[in-house]
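What follows is a single structure, written as structure tokens, with notes after it.
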2 protein chains.
Amino acid sequence: MPRNGEKVHRRLQGAALELFRAHGYDQTTVAEIAALAGVTERTFFRHFPDKREILFGGEAAMRAALLGAIASAPADLAPLRVLLLAFRTVDTMLDDNRQFAASRQEVITASPALRERELSKVAALIAAMTSALEQRGVSARLATLAVQAGMAAFNHAVTAWTANPARTLHAHLVEAFADLYALFSEGASP
Amino acid sequence: MPRNGEKVHRRLQGAALELFRAHGYDQTTVAEIAALAGVTERTFFRHFPDKREILFGGEAAMRAALLGAIASAPADLAPLRVLLLAFRTVDTMLDDNRQFAASRQEVITASPALRERELSKVAALIAAMTSALEQRGVSARLATLAVQAGMAAFNHAVTAWTANPARTLHAHLVEAFADLYALFSEGASP
DNA sequence: TACAAATCGTCATAAACTGACAATATGGAT
DNA sequence: ATCCATATTGTCAGTTTATGACGATTTGTA
């Protein structure tokens with residue numbers, strides 16, 4: 001039933017990334033992206049709800065992997081151990097896309113509008129992981145704190161890894177979690 | 001030299017909050033806000049860079065207080081103690097605005113566009129607090145992790161406090177930090 | 001082949017912004 | 001009191017993003 005279907009979707013994404021890299025996000029119009037992909041401006045908005053969304057949507061696989069890992073972790077594992085385990089299951093996924101992901105990230109960090117959308121995506125992922133932790137019996141309070149702290153460590157590990165790909169992402173991740181533990185190991189709460 | 005000056009700015013904010021509460025953010029046009037404030041649509045965009053920004057900008061005082069508290073904290077205090085101290089200096093500021101802040105927050109959480117902008121504001125505040133911690137000699141790695149974890153605790157405390165104003169915000173804040181410490185007090189890092 | 005359904009193109013339109021220039025009000029100097 | 005410099009606003013034209021309606025085209029299937 002589809003005419004071109006999936007191909008148009010990817011052609012639009014490719015055209016957008018190419019034009020964004022060449023002239024920047026703001027200087028690129030949706031009409032230009034559509035023209036380079038060989039479709040109409042109207043078709044762009046049939047595939048993506050808005051202009052910012054075109055660089056996102058590939059996180060579905062990582063999201064599914066993270067949620068699945070949280071759900072199927074050993075029952076007696078402490079919340080942060082569950083998160084570290086989950087993050088370790090997706091670091092190979094990032095390793096494959098390294099080339100493309102770095103190029104995409106360059107464009108995102110160069111545009112305030114895209115950075116804003118990225119924050120929104122991360123927040124949605126945090127919310128999903130939080131409820132996944134709650135399904136394991138972790139209280140809502142502890143779940144939010146654990147996921148936000150864990151995600152901070154994960155993001156720091158990823159950026160440190162892109163800056164220094166010599167060390168493995170897994171090593172960066174373990175170090176970030178160690179830093180997190182060190183921060184809180186100076187006596188009990190006030 | 002100014003014609004109306006400050007008053008237009010606040011009139012626009014008041015008109016926007018009123019209309020957003022009545023008909024929602026998406027169903028309210030900038031022209032309607034400007035008309036209710038007695039100015040033109042063009043004047044709106046002279047006071048605010050875009051439509052989402054009109055509900056923000058009041059965080060300047062809190063930001064200054066937080067950064068000042070971080071900078072002037074005792075030199076031998078651990079990073080998270082510095083943050084808890086800083087958060088305690090602003091909880092009275094929130095207590096005053098409680099009425100208005102709750103109304104504003106209702107509108108924000110009801111609109112995806114405004115939630116997105118709020119995330120962006122929080123991220124900017126986190127970045128500023130992180131570099132404030134770095135000025136104290138804390139490493140960039142530890143600073144990011146500490147501020148993100150601390151901000152998670154602070155935000156959780158604020159939402160818990162608005163849901164249950166019987167307990168003081170300070171009590172909620174201390175509890176959230178205690179939760180954070182508890183999360184990481186189950187043996188050393190892996 | 002013919003039918004059904006999913007895309008896609010075309011057209012019209014609203015709303016969010018932006019630049020240019022004129023009009024007006026305000027504070028101070030003469 | 002008058003005039004001048006300056007800040008603010010109004011007006012207008014135009015671009016870009018986003019949406020609805022409707023017809024045309026392609027594809028999978030009976």
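Please note that chains go A, B, ... in the order of the structure tokens, that every chain numbers its residues from 1, and that ligands are numbered from 1 in the order shown.
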Show which residues sit within 12 Å of DC11 in chain C, as an mmCIF file with N, CA and C atoms (P, O5', C5', C4', C3', O3' and C1' of nucleotides), in the first residue's frame. Count only C-alpha atoms (C1' of nucleotides), and ignore same-chain residues fewer than 4 positions away.
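In the end it all went to result31.cif:
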```cif
data_model
loop_
_atom_site.group_PDB
_atom_site.id
_atom_site.type_symbol
_atom_site.label_atom_id
_atom_site.label_comp_id
_atom_site.auth_asym_id
_atom_site.auth_seq_id
_atom_site.Cartn_x
_atom_site.Cartn_y
_atom_site.Cartn_z
ATOM 1 N N ARG A 42 4.970 19.613 2.412
ATOM 2 C CA ARG A 42 3.860 18.988 3.129
ATOM 3 C C ARG A 42 4.174 17.560 3.541
ATOM 4 P P DG D 20 -4.905 19.834 11.892
ATOM 5 O "O5'" DG D 20 -5.946 20.105 10.703
ATOM 6 C "C5'" DG D 20 -6.657 21.328 10.663
ATOM 7 C "C4'" DG D 20 -7.354 21.484 9.324
ATOM 8 C "C3'" DG D 20 -8.077 20.223 8.833
ATOM 9 O "O3'" DG D 20 -9.414 20.548 8.463
ATOM 10 C "C1'" DG D 20 -6.610 21.064 7.149
ATOM 11 P P DA D 21 -10.365 19.356 7.943
ATOM 12 O "O5'" DA D 21 -10.338 19.565 6.354
ATOM 13 C "C5'" DA D 21 -10.481 20.874 5.824
ATOM 14 C "C4'" DA D 21 -10.537 20.815 4.300
ATOM 15 C "C3'" DA D 21 -11.232 19.565 3.743
ATOM 16 O "O3'" DA D 21 -12.004 19.933 2.605
ATOM 17 C "C1'" DA D 21 -9.021 19.681 2.916
ATOM 18 P P DC D 22 -13.068 18.864 2.020
ATOM 19 O "O5'" DC D 22 -12.420 18.441 0.629
ATOM 20 C "C5'" DC D 22 -11.905 19.445 -0.226
ATOM 21 C "C4'" DC D 22 -11.047 18.819 -1.303
ATOM 22 C "C3'" DC D 22 -11.542 17.450 -1.802
ATOM 23 O "O3'" DC D 22 -11.636 17.476 -3.214
ATOM 24 C "C1'" DC D 22 -9.249 17.365 -1.322
ATOM 25 P P DG D 23 -12.319 16.224 -3.986
ATOM 26 O "O5'" DG D 23 -11.333 16.075 -5.231
ATOM 27 C "C5'" DG D 23 -10.588 17.212 -5.689
ATOM 28 C "C4'" DG D 23 -9.238 16.755 -6.208
ATOM 29 C "C3'" DG D 23 -9.285 15.510 -7.095
ATOM 30 O "O3'" DG D 23 -8.478 15.700 -8.237
ATOM 31 C "C1'" DG D 23 -7.777 15.153 -5.329
#
```
May I have the residues within 12 Å of DT29 in chain D as a PyMOL selection string, using only C-alpha atoms (C1' of nucleotides) and disregarding those fewer than 4 positions away in the same chain? (chain A and resi 1) or (chain C and resi 1-5)
Which residues of chain C are close to chain A, meaning at most 7 Å apart when you count only C-alpha atoms (C1' of nucleotides), and how do they look as a ChimeraX atom specification? /C:5-8
How would the residues just picked look written out with C-alpha atoms (C1' of nucleotides) as a compact mmCIF listing (two decimals), in the first residue's frame?
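The result, stored in result_15.txt:
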```txt
# COMPACT_ATOMS: atom_id res chain seq x y z
C1' DA C 5 -5.70 1.75 1.23
C1' DA C 6 -1.80 4.28 2.06
C1' DT C 7 1.09 8.08 0.38
C1' DC C 8 1.84 12.07 -1.86
```
DSSP alpha helix (DSSP H) residues within chain B, listed as JSON, numbers by chain: {"B": [6, 7, 8, 9, 10, 11, 12, 13, 14, 15, 16, 17, 18, 19, 20, 21, 22, 23, 30, 31, 32, 33, 34, 35, 36, 37, 41, 42, 43, 44, 45, 46, 47, 60, 61, 62, 63, 64, 65, 66, 67, 68, 69, 70, 71, 79, 80, 81, 82, 83, 84, 85, 86, 87, 88, 89, 90, 91, 92, 93, 94, 95, 96, 98, 99, 100, 101, 102, 103, 104, 105, 106, 107, 108, 109, 110, 112, 113, 114, 115, 116, 117, 118, 119, 120, 121, 122, 123, 124, 125, 126, 127, 128, 129, 130, 131, 132, 133, 134, 135, 140, 141, 142, 143, 144, 145, 146, 147, 148, 149, 150, 151, 152, 153, 154, 155, 156, 157, 158, 159, 160, 161, 162, 163, 169, 170, 171, 172, 173, 174, 175, 176, 177, 178, 179, 180, 181, 182, 183]}
Contact table chain B vs chain A, cut-off 7 Å, shortest pair per residue, only C-alpha atoms, as CSV:
```
residue,atom,partner,partner_atom,distance
B:Glu116,CA,A:Ser120,CA,5.7
B:Arg117,CA,A:Glu116,CA,7.0
B:Leu119,CA,A:Leu119,CA,6.6
B:Ser120,CA,A:Glu116,CA,5.7
B:Leu142,CA,A:Asp179,CA,6.5
B:Leu145,CA,A:Ala152,CA,6.1
B:Gln148,CA,A:Ala152,CA,6.5
B:Ala149,CA,A:Ala149,CA,4.9
B:Ala152,CA,A:Leu145,CA,6.1
B:Ala153,CA,A:Leu145,CA,6.5
B:Ala178,CA,A:Ser189,CA,5.2
B:Asp179,CA,A:Leu142,CA,6.5
B:Leu180,CA,A:Leu145,CA,6.6
B:Tyr181,CA,A:Phe184,CA,5.7
B:Phe184,CA,A:Tyr181,CA,5.7
B:Ala188,CA,A:Tyr181,CA,6.9
B:Ser189,CA,A:Ala178,CA,5.2
```
Any idea what the distance is between CA of Lys51 in chain B and C1' of DA16 in chain C? 8.0 Å
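If you measure from each of D:DA13, D:DA1, D:DA7, D:DA24 to chain B using only C-alpha atoms (C1' of nucleotides), the closest one turns out to be D:DA7.
The environment of range 20-25 of chain A within 12 Å, counting only C-alpha atoms (C1' of nucleotides) and disregarding residues fewer than 4 places along the same chain, consists of A:Leu12, A:Gln13, A:Gly14, A:Ala15, A:Ala16, A:Thr29, A:Val30, A:Glu32, A:Ile33, A:Lys51, A:Arg52, A:Ile54, A:Leu55, A:Ala102, A:Ser103, A:Arg104, A:Gln105, A:Glu106, A:Val107, A:Ile108, A:Thr109, A:Ala110, A:Ser111, A:Pro112, A:Ala113, A:Leu114, A:Arg115.
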Just need the residues of chain D within 7 Å of chain B, counting only C-alpha atoms (C1' of nucleotides), so spit them out as a PyMOL selection string. chain D and resi 6-9
Given the selection you just returned, output its residues as a file containing N, CA and C atoms (P, O5', C5', C4', C3', O3' and C1' of nucleotides), formatted as a CSV table (one decimal), in the first residue's frame.
```
chain,number,residue,atom,x,y,z
D,6,DT,P,21.3,60.7,21.3
D,6,DT,O5',20.3,59.7,22.0
D,6,DT,C5',19.8,60.0,23.3
D,6,DT,C4',18.6,59.1,23.7
D,6,DT,C3',18.6,57.8,23.0
D,6,DT,O3',18.3,56.8,24.0
D,6,DT,C1',16.6,58.8,22.7
D,7,DA,P,18.7,55.3,23.7
D,7,DA,O5',17.5,54.5,24.4
D,7,DA,C5',16.9,55.1,25.6
D,7,DA,C4',15.4,54.9,25.6
D,7,DA,C3',14.9,53.5,25.2
D,7,DA,O3',14.0,53.0,26.1
D,7,DA,C1',13.8,55.1,23.8
D,8,DT,P,13.6,51.4,26.2
D,8,DT,O5',12.2,51.4,25.6
D,8,DT,C5',11.2,52.2,26.1
D,8,DT,C4',10.1,52.4,25.1
D,8,DT,C3',9.5,51.1,24.6
D,8,DT,O3',8.2,50.9,25.1
D,8,DT,C1',9.6,52.8,22.9
D,9,DT,P,7.4,49.5,24.8
D,9,DT,O5',6.5,50.0,23.6
D,9,DT,C5',5.6,51.1,23.7
D,9,DT,C4',5.1,51.5,22.3
D,9,DT,C3',4.4,50.4,21.5
D,9,DT,O3',3.0,50.6,21.4
D,9,DT,C1',5.9,51.6,20.1
```
Which residue out of A:Ala61, A:Leu17, A:Val158, A:Ala128 has the minimum interatomic distance to Met93 in chain A when only C-alpha atoms are used? A:Ala61
Quick one: residues within 12 Å of DA22 in chain C, only C-alpha atoms (C1' of nucleotides) counted, chain neighbours fewer than 5 positions away excluded, as a ChimeraX atom specification? /D:9-12
Take the residues from that selection and write them out as a PDB file, in the first residue's frame, keeping C-alpha atoms (C1' of nucleotides).
```pdb
ATOM      1  C1'  DT D   9       5.877  51.633  20.126  1.00  0.00           C
ATOM      2  C1'  DG D  10       2.924  51.180  15.769  1.00  0.00           C
ATOM      3  C1'  DT D  11       2.571  49.915  11.081  1.00  0.00           C
ATOM      4  C1'  DC D  12       3.555  47.055   7.279  1.00  0.00           C
TER       5       DC D  12
END
```
Could you tell me which of B:Arg136, B:Arg63, B:His172, B:Lys7 comes closest to Val90 in chain B if we count only C-alpha atoms? B:Arg63
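Going from CA of Ala86 in chain A over to CA of Ala69 in chain A, you cover 5.1 Å.
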